>>> print(open('upload_7.tsv').read())   # TSV, C-alpha atoms
chain	number	residue	atom	x	y	z
A	1157	MET	CA	-29.42	-13.53	-19.58
A	1158	GLU	CA	-26.11	-13.23	-17.78
A	1159	LYS	CA	-25.13	-16.04	-15.48
A	1160	LEU	CA	-24.54	-15.35	-11.83
A	1161	SER	CA	-20.95	-16.53	-11.79
A	1162	TYR	CA	-20.20	-14.24	-14.69
A	1163	GLN	CA	-21.54	-11.35	-12.69
A	1164	ASP	CA	-19.41	-12.33	-9.72
A	1165	VAL	CA	-16.32	-12.19	-11.85
A	1166	ASN	CA	-17.28	-8.73	-12.97
A	1167	HIS	CA	-18.01	-7.64	-9.46
A	1168	HIS	CA	-14.31	-7.54	-8.71
A	1169	VAL	CA	-13.45	-5.51	-11.76
A	1170	ILE	CA	-16.31	-3.13	-11.12
A	1171	GLU	CA	-15.11	-2.54	-7.58
A	1172	ARG	CA	-11.67	-1.64	-8.87
A	1173	CYS	CA	-13.25	0.64	-11.44
A	1174	ARG	CA	-15.08	2.46	-8.69
A	1175	GLN	CA	-11.73	3.21	-7.13
A	1176	GLY	CA	-10.73	4.83	-10.38
A	1177	GLU	CA	-8.38	2.13	-11.55
A	1178	ASN	CA	-7.69	2.70	-15.19
A	1179	ARG	CA	-6.77	-0.90	-15.86
A	1180	ALA	CA	-10.02	-2.21	-14.48
A	1181	GLN	CA	-11.89	0.24	-16.66
A	1182	TYR	CA	-10.03	-1.09	-19.65
A	1183	GLU	CA	-10.91	-4.64	-18.66
A	1184	LEU	CA	-14.59	-3.76	-18.50
A	1185	TYR	CA	-14.33	-1.99	-21.80
A	1186	LYS	CA	-12.69	-5.00	-23.42
A	1187	LEU	CA	-15.38	-7.27	-22.03
A	1188	TYR	CA	-18.33	-5.24	-23.21
A	1189	SER	CA	-17.25	-2.92	-25.98
A	1190	LYS	CA	-18.03	-5.26	-28.86
A	1191	ALA	CA	-21.50	-6.27	-27.69
A	1192	MET	CA	-22.33	-2.70	-26.76
A	1193	PHE	CA	-21.03	-1.38	-30.04
A	1194	ASN	CA	-23.37	-3.71	-31.91
A	1195	VAL	CA	-26.29	-2.59	-29.76
A	1196	SER	CA	-25.42	0.97	-30.62
A	1197	MET	CA	-24.87	0.13	-34.26
A	1198	ARG	CA	-28.26	-1.55	-34.64
A	1199	ILE	CA	-30.01	1.52	-33.29
A	1200	VAL	CA	-28.15	4.38	-34.97
A	1201	ASN	CA	-27.18	2.42	-38.09
A	1202	ASP	CA	-24.05	4.50	-38.68
A	1203	TYR	CA	-20.53	3.49	-37.78
A	1204	ALA	CA	-19.14	6.86	-36.69
A	1205	GLU	CA	-22.27	7.73	-34.79
A	1206	ALA	CA	-22.29	4.34	-33.11
A	1207	GLU	CA	-18.73	4.96	-31.94
A	1208	ASP	CA	-19.67	8.33	-30.52
A	1209	VAL	CA	-22.54	6.69	-28.71
A	1210	LEU	CA	-20.29	3.99	-27.35
A	1211	GLN	CA	-17.76	6.52	-26.12
A	1212	GLU	CA	-20.40	8.63	-24.47
A	1213	ALA	CA	-22.00	5.59	-22.89
A	1214	PHE	CA	-18.78	4.24	-21.42
A	1215	ILE	CA	-17.76	7.58	-20.02
A	1216	SER	CA	-21.16	8.03	-18.46
A	1217	ALA	CA	-21.07	4.45	-17.14
A	1218	PHE	CA	-17.68	4.94	-15.43
A	1219	LYS	CA	-18.86	8.23	-14.04
A	1220	ASN	CA	-22.04	6.72	-12.62
A	1221	LEU	CA	-20.64	3.39	-11.58
A	1222	HIS	CA	-21.53	4.11	-7.98
A	1223	THR	CA	-25.22	4.07	-8.95
A	1224	TYR	CA	-24.91	0.48	-10.14
A	1225	LYS	CA	-26.09	-1.54	-7.17
A	1226	GLY	CA	-25.87	-4.95	-8.76
A	1227	GLU	CA	-29.62	-5.58	-8.85
A	1228	ALA	CA	-29.40	-6.32	-12.59
A	1229	SER	CA	-26.46	-7.83	-14.43
A	1230	PHE	CA	-23.80	-5.31	-15.28
A	1231	GLY	CA	-24.27	-6.06	-18.98
A	1232	ASN	CA	-27.94	-5.12	-18.82
A	1233	TRP	CA	-27.19	-2.01	-16.81
A	1234	LEU	CA	-24.61	-0.93	-19.34
A	1235	LYS	CA	-26.90	-1.81	-22.22
A	1236	ARG	CA	-29.53	0.55	-20.83
A	1237	ILE	CA	-27.02	3.36	-20.90
A	1238	VAL	CA	-25.97	2.52	-24.44
A	1239	VAL	CA	-29.57	2.29	-25.65
A	1240	ASN	CA	-30.45	5.63	-24.09
A	1241	ALA	CA	-27.38	7.28	-25.57
A	1242	ALA	CA	-28.13	5.80	-28.99
A	1243	ILE	CA	-31.75	6.92	-28.94
A	1244	ASN	CA	-30.73	10.41	-27.88
A	1245	SER	CA	-28.27	10.44	-30.73
A	1246	ILE	CA	-30.78	9.64	-33.47
A	1247	ARG	CA	-33.36	11.91	-31.88
A	1248	LYS	CA	-30.96	14.78	-32.33
A	1249	LYS	CA	-30.93	14.49	-36.09
A	1250	LYS	CA	-34.29	12.91	-36.80
A	1251	VAL	CA	-37.62	14.38	-35.99
A	1252	GLU	CA	-39.70	11.58	-34.55
A	1253	LEU	CA	-39.02	7.96	-33.95
A	1254	ILE	CA	-42.59	6.78	-33.88
A	1255	GLU	CA	-44.28	8.23	-36.92
A	1256	ILE	CA	-47.93	8.61	-36.32
A	1257	ASP	CA	-48.68	5.99	-38.87
A	1258	GLU	CA	-52.11	5.28	-37.55
A	1259	ARG	CA	-53.80	6.01	-40.87
A	1260	ILE	CA	-53.31	2.50	-42.12
A	1261	MET	CA	-53.65	0.27	-39.13
A	1262	GLU	CA	-53.79	-2.68	-41.43
A	1263	ASP	CA	-53.99	-6.07	-39.92
A	1264	VAL	CA	-50.66	-7.64	-39.98
A	1265	ALA	CA	-51.07	-10.99	-41.53
A	1266	GLU	CA	-49.38	-13.29	-39.08
A	1267	GLU	CA	-46.70	-15.54	-40.39
A	1268	VAL	CA	-47.32	-14.56	-44.00
A	1269	CYS	CA	-44.99	-16.37	-46.25
A	1270	ASP	CA	-42.65	-17.01	-43.34
A	1271	ASN	CA	-41.95	-20.38	-44.69
A	1272	ASP	CA	-40.66	-19.36	-48.05
A	1273	THR	CA	-38.26	-16.91	-46.49
A	1274	GLU	CA	-34.76	-18.14	-46.25
A	1275	TRP	CA	-33.44	-17.47	-42.76
A	1276	ARG	CA	-29.87	-16.47	-42.75
A	1277	VAL	CA	-28.11	-14.28	-40.25
A	1278	GLU	CA	-26.51	-12.00	-42.77
A	1279	LYS	CA	-29.76	-11.61	-44.69
A	1280	VAL	CA	-31.77	-10.74	-41.59
A	1281	ARG	CA	-29.09	-8.37	-40.40
A	1282	ARG	CA	-28.99	-6.44	-43.64
A	1283	ALA	CA	-32.73	-6.35	-43.86
A	1284	VAL	CA	-32.88	-4.85	-40.37
A	1285	GLN	CA	-30.39	-2.24	-41.47
A	1286	MET	CA	-32.66	-1.27	-44.34
A	1287	LEU	CA	-35.61	-0.58	-42.06
A	1288	PRO	CA	-36.56	3.04	-41.43
A	1289	ASP	CA	-35.23	4.38	-38.13
A	1290	GLY	CA	-38.53	4.22	-36.27
A	1291	TYR	CA	-39.16	0.61	-37.18
A	1292	ARG	CA	-35.61	-0.47	-36.69
A	1293	VAL	CA	-35.30	0.88	-33.16
A	1294	VAL	CA	-38.41	-0.82	-31.86
A	1295	LEU	CA	-37.69	-4.07	-33.65
A	1296	THR	CA	-34.12	-4.10	-32.50
A	1297	LEU	CA	-34.94	-3.36	-28.88
A	1298	TYR	CA	-37.59	-6.03	-28.85
A	1299	LEU	CA	-35.82	-8.79	-30.76
A	1300	PHE	CA	-32.17	-8.21	-30.01
A	1301	GLU	CA	-31.91	-6.39	-26.73
A	1302	GLY	CA	-34.60	-8.34	-24.95
A	1303	PHE	CA	-36.69	-5.31	-23.97
A	1304	ASP	CA	-40.39	-5.92	-23.52
A	1305	HIS	CA	-42.93	-3.46	-24.88
A	1306	ALA	CA	-43.33	-1.72	-21.54
A	1307	GLU	CA	-39.60	-1.07	-21.42
A	1308	ILE	CA	-39.50	0.09	-25.02
A	1309	GLY	CA	-42.40	2.44	-24.30
A	1310	GLU	CA	-40.47	3.80	-21.32
A	1311	VAL	CA	-37.25	4.29	-23.25
A	1312	LEU	CA	-38.93	5.94	-26.23
A	1313	SER	CA	-41.48	7.74	-24.07
A	1314	VAL	CA	-44.45	6.21	-25.88
A	1315	SER	CA	-47.18	3.90	-24.65
A	1316	GLU	CA	-46.80	0.17	-24.48
A	1317	SER	CA	-49.46	-0.33	-27.16
A	1318	THR	CA	-47.72	2.04	-29.53
A	1319	SER	CA	-44.60	-0.02	-29.12
A	1320	LYS	CA	-46.56	-3.17	-29.84
A	1321	SER	CA	-48.15	-1.86	-33.03
A	1322	GLN	CA	-44.89	-0.30	-34.16
A	1323	TYR	CA	-43.17	-3.61	-33.67
A	1324	SER	CA	-45.70	-5.57	-35.68
A	1325	ARG	CA	-45.43	-3.08	-38.51
A	1326	ALA	CA	-41.67	-3.20	-38.37
A	1327	ARG	CA	-41.71	-6.93	-38.42
A	1328	LYS	CA	-43.98	-6.99	-41.44
A	1329	LYS	CA	-41.79	-4.52	-43.22
A	1330	LEU	CA	-38.73	-6.60	-42.47
A	1331	LEU	CA	-40.28	-9.69	-43.94
A	1332	GLU	CA	-41.28	-7.69	-47.00
A	1333	ILE	CA	-37.75	-6.48	-47.49
A	1334	MET	CA	-36.43	-9.98	-47.23
A	1335	ARG	CA	-38.91	-11.23	-49.77
A	1336	GLU	CA	-37.98	-8.66	-52.35
A	1337	PRO	CA	-36.33	-10.34	-55.32
A	1338	GLN	CA	-33.72	-7.59	-55.68
A	1339	PHE	CA	-32.69	-8.05	-52.03
A	1340	VAL	CA	-29.56	-10.08	-52.25
A	1341	ALA	CA	-28.14	-11.15	-48.99
B	800	MET	CA	-47.82	-16.29	-30.31
B	801	LYS	CA	-45.22	-18.09	-32.24
B	802	ASP	CA	-42.68	-15.74	-33.69
B	803	LYS	CA	-40.27	-17.44	-36.00
B	804	LEU	CA	-38.24	-14.30	-36.49
B	805	LYS	CA	-37.78	-13.87	-32.76
B	806	ASP	CA	-36.74	-17.47	-32.28
B	807	PHE	CA	-34.27	-17.25	-35.10
B	808	ILE	CA	-32.66	-14.11	-33.74
B	809	CYS	CA	-32.53	-15.55	-30.21
B	810	GLU	CA	-30.75	-18.61	-31.53
B	811	HIS	CA	-28.20	-16.69	-33.53
B	812	LYS	CA	-27.86	-13.66	-31.32
B	813	ASP	CA	-24.07	-13.69	-31.16
B	814	GLU	CA	-23.73	-14.06	-34.89
B	815	PHE	CA	-25.43	-10.74	-35.40
B	816	ASP	CA	-22.64	-8.96	-33.58
B	817	VAL	CA	-20.47	-8.33	-36.61
B	818	TYR	CA	-19.19	-4.86	-35.90
B	819	GLU	CA	-16.32	-3.82	-33.78
B	820	PRO	CA	-15.26	-0.32	-32.76
B	821	ARG	CA	-11.87	1.01	-33.82
B	822	GLN	CA	-8.93	0.12	-31.60
B	823	GLU	CA	-8.27	3.79	-30.96
B	824	LEU	CA	-11.66	4.36	-29.43
B	825	TRP	CA	-10.46	3.37	-25.97
B	826	GLN	CA	-7.76	6.03	-26.07
B	827	GLU	CA	-10.36	8.56	-27.07
B	828	ILE	CA	-12.52	7.50	-24.16
B	829	CYS	CA	-9.57	7.84	-21.81
B	830	GLN	CA	-8.81	11.30	-23.04
B	831	GLU	CA	-12.33	12.34	-22.27
B	832	MET	CA	-12.19	10.84	-18.82
B	833	PRO	CA	-9.88	12.99	-16.64
B	834	PRO	CA	-12.64	15.25	-15.26
B	835	ILE	CA	-14.37	12.18	-13.85
B	836	ASP	CA	-11.41	10.96	-11.93
B	837	GLU	CA	-10.28	14.22	-10.45
B	838	LYS	CA	-11.12	12.95	-6.99
B	839	GLN	CA	-8.78	10.03	-7.40
B	840	LYS	CA	-6.08	12.16	-8.93
B	841	ALA	CA	-5.11	13.53	-5.56
B	842	LYS	CA	-4.76	10.03	-4.18
B	843	VAL	CA	-2.92	8.27	-7.00
B	844	ILE	CA	-0.81	10.50	-9.11
B	845	SER	CA	-1.78	10.57	-12.78
B	846	ILE	CA	-3.40	7.22	-13.25
B	847	ASN	CA	-5.65	8.60	-15.95
B	848	PHE	CA	-2.90	9.11	-18.38
B	849	GLY	CA	-4.49	7.22	-21.21
B	850	LYS	CA	-2.72	4.01	-21.94
B	851	ARG	CA	-1.81	1.50	-19.33
B	852	ALA	CA	1.79	1.90	-20.34
B	853	SER	CA	2.01	5.46	-19.18
B	854	PHE	CA	0.24	4.59	-15.97
B	855	LYS	CA	2.85	1.94	-15.31
B	856	ALA	CA	5.63	4.28	-16.28
B	857	ASP	CA	4.40	6.87	-13.83
B	858	TYR	CA	4.16	4.29	-11.13
B	859	VAL	CA	7.68	3.07	-11.77
B	860	PHE	CA	8.92	6.63	-11.88
B	861	MET	CA	7.38	7.35	-8.50
B	862	ARG	CA	8.97	4.25	-7.02
B	863	VAL	CA	12.37	5.13	-8.40
B	864	ALA	CA	12.04	8.68	-7.15
B	865	VAL	CA	11.17	7.51	-3.66
B	866	ALA	CA	14.08	5.05	-3.66
B	867	VAL	CA	16.54	7.74	-4.75
B	868	LEU	CA	15.27	10.13	-2.10
B	869	LEU	CA	15.65	7.46	0.57
B	870	LEU	CA	19.19	6.69	-0.53
B	871	ILE	CA	20.16	10.35	-0.46
B	872	GLY	CA	18.60	10.70	2.96
B	873	CYS	CA	20.47	7.69	4.34
B	874	GLY	CA	23.72	8.92	2.85
B	875	PHE	CA	23.24	12.29	4.49
B	876	ILE	CA	22.56	10.81	7.89
B	877	LEU	CA	25.58	8.51	7.69
B	878	PHE	CA	27.84	11.35	6.58
B	879	TYR	CA	26.57	13.61	9.33
B	880	MET	CA	27.07	10.93	11.98
B	881	LYS	CA	30.61	10.22	10.84
B	882	GLU	CA	31.43	13.91	10.86
B	883	LYS	CA	30.11	14.24	14.36
B	884	ALA	CA	32.07	11.21	15.54
B	885	VAL	CA	35.30	12.71	14.20
B	886	VAL	CA	34.63	16.01	15.92
B	887	ARG	CA	33.89	14.21	19.17
B	888	ALA	CA	37.10	12.18	18.89
B	889	THR	CA	39.19	15.34	18.53
B	890	ASN	CA	37.37	16.96	21.39
B	891	THR	CA	38.02	14.11	23.84
B	892	ILE	CA	41.73	14.79	23.73
B	893	ALA	CA	41.31	18.26	25.12
B	894	ALA	CA	38.43	17.54	27.48
B	895	THR	CA	36.12	14.62	28.02
B	896	GLN	CA	33.05	16.80	28.33
B	897	PRO	CA	33.89	19.99	26.51
B	898	ALA	CA	30.39	21.38	26.47
B	899	THR	CA	29.90	21.17	30.20
B	900	ILE	CA	33.38	22.32	31.12
B	901	LYS	CA	32.93	25.28	28.88
B	902	SER	CA	29.68	26.17	30.56
B	903	ILE	CA	31.06	25.72	34.08
B	904	ALA	CA	34.49	27.29	33.74
B	905	PRO	CA	35.15	28.67	30.28
B	906	GLU	CA	38.65	29.92	31.14
B	907	LEU	CA	39.72	26.44	32.25
B	908	VAL	CA	39.68	25.04	28.73
B	909	GLU	CA	42.26	27.51	27.54
B	910	VAL	CA	44.36	27.21	30.64
B	911	GLU	CA	44.27	23.45	30.48
B	912	THR	CA	45.38	23.31	26.85
B	913	TYR	CA	48.17	25.78	27.58
B	914	TYR	CA	49.52	23.84	30.52
B	915	THR	CA	49.13	20.42	28.92
B	916	SER	CA	51.18	21.61	25.96
B	917	GLN	CA	53.79	23.00	28.36
B	918	ILE	CA	53.86	19.75	30.32
B	919	SER	CA	54.25	17.59	27.24
B	920	GLU	CA	57.06	19.88	26.01
B	921	LYS	CA	58.93	19.60	29.30
B	922	LYS	CA	58.40	15.87	29.32
B	923	LYS	CA	59.93	15.66	25.91
B	924	GLN	CA	62.95	17.67	27.01
B	925	LEU	CA	63.27	15.42	29.99
B	926	SER	CA	63.12	12.25	27.97
B	927	ASP	CA	65.96	13.64	25.81
B	928	TYR	CA	68.05	13.93	28.94
B	929	ASP	CA	66.95	10.61	30.26
B	930	LEU	CA	68.34	8.94	27.22
B	931	LYS	CA	71.68	10.58	27.88
B	932	VAL	CA	71.79	10.22	31.66
B	933	LEU	CA	70.90	6.67	32.34
B	934	GLY	CA	70.82	5.16	35.79
B	935	LEU	CA	68.88	7.99	37.43
B	936	ASP	CA	66.22	6.30	39.54
B	937	GLU	CA	64.88	9.72	40.43
B	938	SER	CA	63.05	9.87	37.11
B	939	MET	CA	61.00	6.86	38.22
B	940	GLN	CA	59.96	8.77	41.31
B	941	ILE	CA	59.04	11.79	39.26
B	942	ASP	CA	56.96	9.72	36.93
B	943	TYR	CA	55.15	8.33	39.91
B	944	GLU	CA	54.63	11.82	41.31
B	945	LEU	CA	53.29	13.06	37.99
B	946	ALA	CA	50.90	10.15	37.75
B	947	ARG	CA	49.61	10.92	41.22
B	948	LEU	CA	49.10	14.55	40.32
B	949	ASP	CA	47.31	13.53	37.17
B	950	SER	CA	44.89	11.29	39.05
B	951	THR	CA	44.08	14.06	41.52
B	952	TYR	CA	43.58	16.34	38.57
B	953	GLN	CA	41.04	13.93	37.08
B	954	GLN	CA	39.31	13.73	40.42
B	955	LEU	CA	39.12	17.49	40.62
B	956	LYS	CA	37.72	17.57	37.16
B	957	LYS	CA	34.97	15.19	38.16
B	958	GLU	CA	34.29	17.30	41.22
B	959	LEU	CA	33.88	20.31	38.99
B	960	TYR	CA	30.54	18.95	37.78
B	961	THR	CA	29.14	18.35	41.21
B	962	THR	CA	30.59	21.02	43.44
B	963	PRO	CA	28.91	24.41	43.73
B	964	ASN	CA	32.20	26.13	44.50
B	965	THR	CA	33.75	25.92	41.06
B	966	ASP	CA	36.30	28.69	41.61
B	967	LYS	CA	38.09	26.73	44.31
B	968	VAL	CA	38.20	23.59	42.25
B	969	VAL	CA	39.39	25.44	39.18
B	970	SER	CA	42.18	27.13	41.09
B	971	ALA	CA	43.12	23.77	42.59
B	972	MET	CA	43.26	22.31	39.11
B	973	ILE	CA	45.43	25.12	37.84
B	974	GLN	CA	47.65	24.71	40.87
B	975	ASN	CA	47.91	21.04	40.14
B	976	LEU	CA	49.06	21.81	36.63
B	977	GLN	CA	51.53	24.40	37.85
B	978	ILE	CA	52.96	21.94	40.36
B	979	ARG	CA	53.50	19.46	37.61
B	980	ILE	CA	55.33	22.02	35.56
B	981	GLU	CA	57.34	23.03	38.60
B	982	VAL	CA	58.31	19.42	39.23
B	983	LEU	CA	59.34	19.02	35.66
B	984	ASN	CA	61.28	22.28	35.75
B	985	ARG	CA	63.15	21.14	38.82
B	986	GLN	CA	63.98	17.88	37.24
B	987	LEU	CA	65.17	19.70	34.16
B	988	GLU	CA	67.32	22.02	36.26
B	989	VAL	CA	68.85	19.09	38.03
B	990	LEU	CA	69.61	17.42	34.78
B	991	GLN	CA	71.06	20.61	33.35
B	992	LYS	CA	73.28	20.99	36.44
B	993	ILE	CA	74.46	17.44	36.06
B	994	ASP	CA	75.17	18.17	32.44
B	995	LYS	CA	77.15	21.29	33.37
B	996	LEU	CA	79.00	19.45	36.08
B	997	GLU	CA	79.95	16.75	33.67
B	998	ASN	CA	81.18	19.37	31.24
B	999	VAL	CA	83.17	21.11	33.99
B	1000	ILE	CA	84.66	17.83	35.09
B	1001	ASP	CA	85.48	17.02	31.52
B	1002	SER	CA	87.19	20.39	30.96
B	1003	GLU	CA	88.99	20.12	34.32
B	1004	VAL	CA	90.20	16.69	33.41
B	1005	LYS	CA	91.34	18.09	30.11
B	1006	GLU	CA	93.02	21.07	31.84
B	1007	ASN	CA	94.73	18.73	34.25
B	1008	GLU	CA	95.88	16.66	31.39
B	1009	THR	CA	97.28	19.66	29.55
B	1010	ALA	CA	98.85	20.95	32.80
B	1011	ASN	CA	100.40	17.61	33.38
B	1012	VAL	CA	101.77	17.68	29.92
>>> encode(input="upload_7.tsv", output="structure tokens")
Amino acid sequence: MEKLSYQDVNHHVIERCRQGENRAQYELYKLYSKAMFNVSMRIVNDYAEAEDVLQEAFISAFKNLHTYKGEASFGNWLKRIVVNAAINSIRKKKVELIEIDERIMEDVAEEVCDNDTEWRVEKVRRAVQMLPDGYRVVLTLYLFEGFDHAEIGEVLSVSESTSKSQYSRARKKLLEIMREPQFVA
Amino acid sequence: MKDKLKDFICEHKDEFDVYEPRQELWQEICQEMPPIDEKQKAKVISINFGKRASFKADYVFMRVAVAVLLLIGCGFILFYMKEKAVVRATNTIAATQPATIKSIAPELVEVETYYTSQISEKKKQLSDYDLKVLGLDESMQIDYELARLDSTYQQLKKELYTTPNTDKVVSAMIQNLQIRIEVLNRQLEVLQKIDKLENVIDSEVKENETANV
């Protein structure tokens, strides 16, 4: 997603960070904190927890900056750290992310009633927030963070197909929530 | 597979980022950081002090401290050099190379100062007379003689550094000084005699006058 020139700009700041320059670290933080906080927020769905995740992720990122070789964009590298920290965080308090929900492997009716759903950012956002943790994480990683199912499987230590089925269920659930008459965006 | 939801989210991705962490979070991150940067701590003193402000303050403090230290150092060196110069200036009056003279003939320094003071005293006495007894061309000769003696003295002094037989040179130098004093003493005696003679003549004249009366 990130443009090459953007990465080049960061390259300088990252180099200074590696030398332990506090100012450069702050610059990186300013650049990425908001986006990363929202990544964290979408996964853990709790403000204080999302902050803890962000803090942990940035500290770990600065500590391991030497392992960043520039093969991916810095944003994506950092996002990986944030996602991992966020998943660890909800794993700590919740039992399982992927509920073995195989009992009703109902066919997800594709594009059911998609047309009568009003698409608005705020509405979608709040609907995502109302999803159960297991659904929300997969859906978020897939739709927002640009992970493919293989990557999601890797991050959550499940198979690619599990991720796929979990996503389709999550998606269905989301549309259901949005269709509910009492759901006011 | 067409996914309307995915398309919609892709289009409005930035709009979904509605949350922002608290402003204080960065400070909290900084506070947790010091163990990471311990390696750098040795290199750059306390850069991990939280806010940028304190980092800057530390930096400025270090600069000021270094500047003050440099100033004090320069001041010290200047003071020391001046002090040394003054000491050297006072030393040159007694002897041009005091350290070496002392090492070659330690007794000479004392002797020299003694005689030079004697000589200058005699010279002063002489000049008192000279003012009174004008028209004595002998004093010119004496001055010349003293100057000659002084130049030989300086030559001897130079020799002192090169010659292996220091005792001879030192005794020659002392002799030189004694001769000078002797010369001055003679001159003084002569002047005193002249003075006496004048007094005698004066009293005789007076006696004659009274006798005549």
>>> axis_aligned_box(input="upload_7.tsv", around="region 976-991 of chain B", padding_each_side="4 Å", output="JSON")
{"center_x": 60.1, "center_y": 20.9, "center_z": 36.9, "size_x": 30.0, "size_y": 15.0, "size_z": 15.0}
>>> interface_residues(input="upload_7.tsv", of="chain A", to="chain B", cutoff="8 Å", atoms="all atoms listed in the file", output="PyMOL selection string")
chain A and resi 1175-1179+1182+1185+1189-1191+1193-1194+1197+1207+1211-1212+1214-1215+1219+1267+1270+1275+1277-1278+1281+1299-1300
>>> atom_distance(input="upload_7.tsv", atom1="CA of Glu909 (chain B)", atom2="CA of Ile941 (chain B)")
25.8 Å
>>> atom_distance(input="upload_7.tsv", atom1="CA of Leu1184 (chain A)", atom2="CA of Val1169 (chain A)")
7.1 Å
>>> atom_distance(input="upload_7.tsv", atom1="CA of Thr965 (chain B)", atom2="CA of Lys922 (chain B)")
29.1 Å
>>> closest_residue(input="upload_7.tsv", among="B:Lys921, B:Lys881, B:Arg862, B:Arg887", to="Asn984 (chain B)", atoms="all atoms listed in the file")
B:Lys921
>>> closest_residue(input="upload_7.tsv", among="B:Ala866, B:Leu983, B:Gln822, B:Ile973", to="Asp942 (chain B)", atoms="all atoms listed in the file")
B:Leu983
>>> closest_residue(input="upload_7.tsv", among="A:His1168, A:His1222, A:Lys1320, A:Arg1198", to="Glu1183 (chain A)", atoms="all atoms listed in the file")
A:His1168
>>> closest_residue(input="upload_7.tsv", among="A:Ala1241, A:Gly1231, A:Met1334, A:Val1294", to="Arg1276 (chain A)", atoms="all atoms listed in the file")
A:Met1334
>>> residues_around(input="upload_7.tsv", residues="region 944-952 of chain B", least_positions_apart="2", cutoff="12 Å", atoms="only C-alpha atoms", output="VMD selection string")
chain B and resid 911 915 918 to 919 922 937 to 942 954 to 959 968 to 983 986
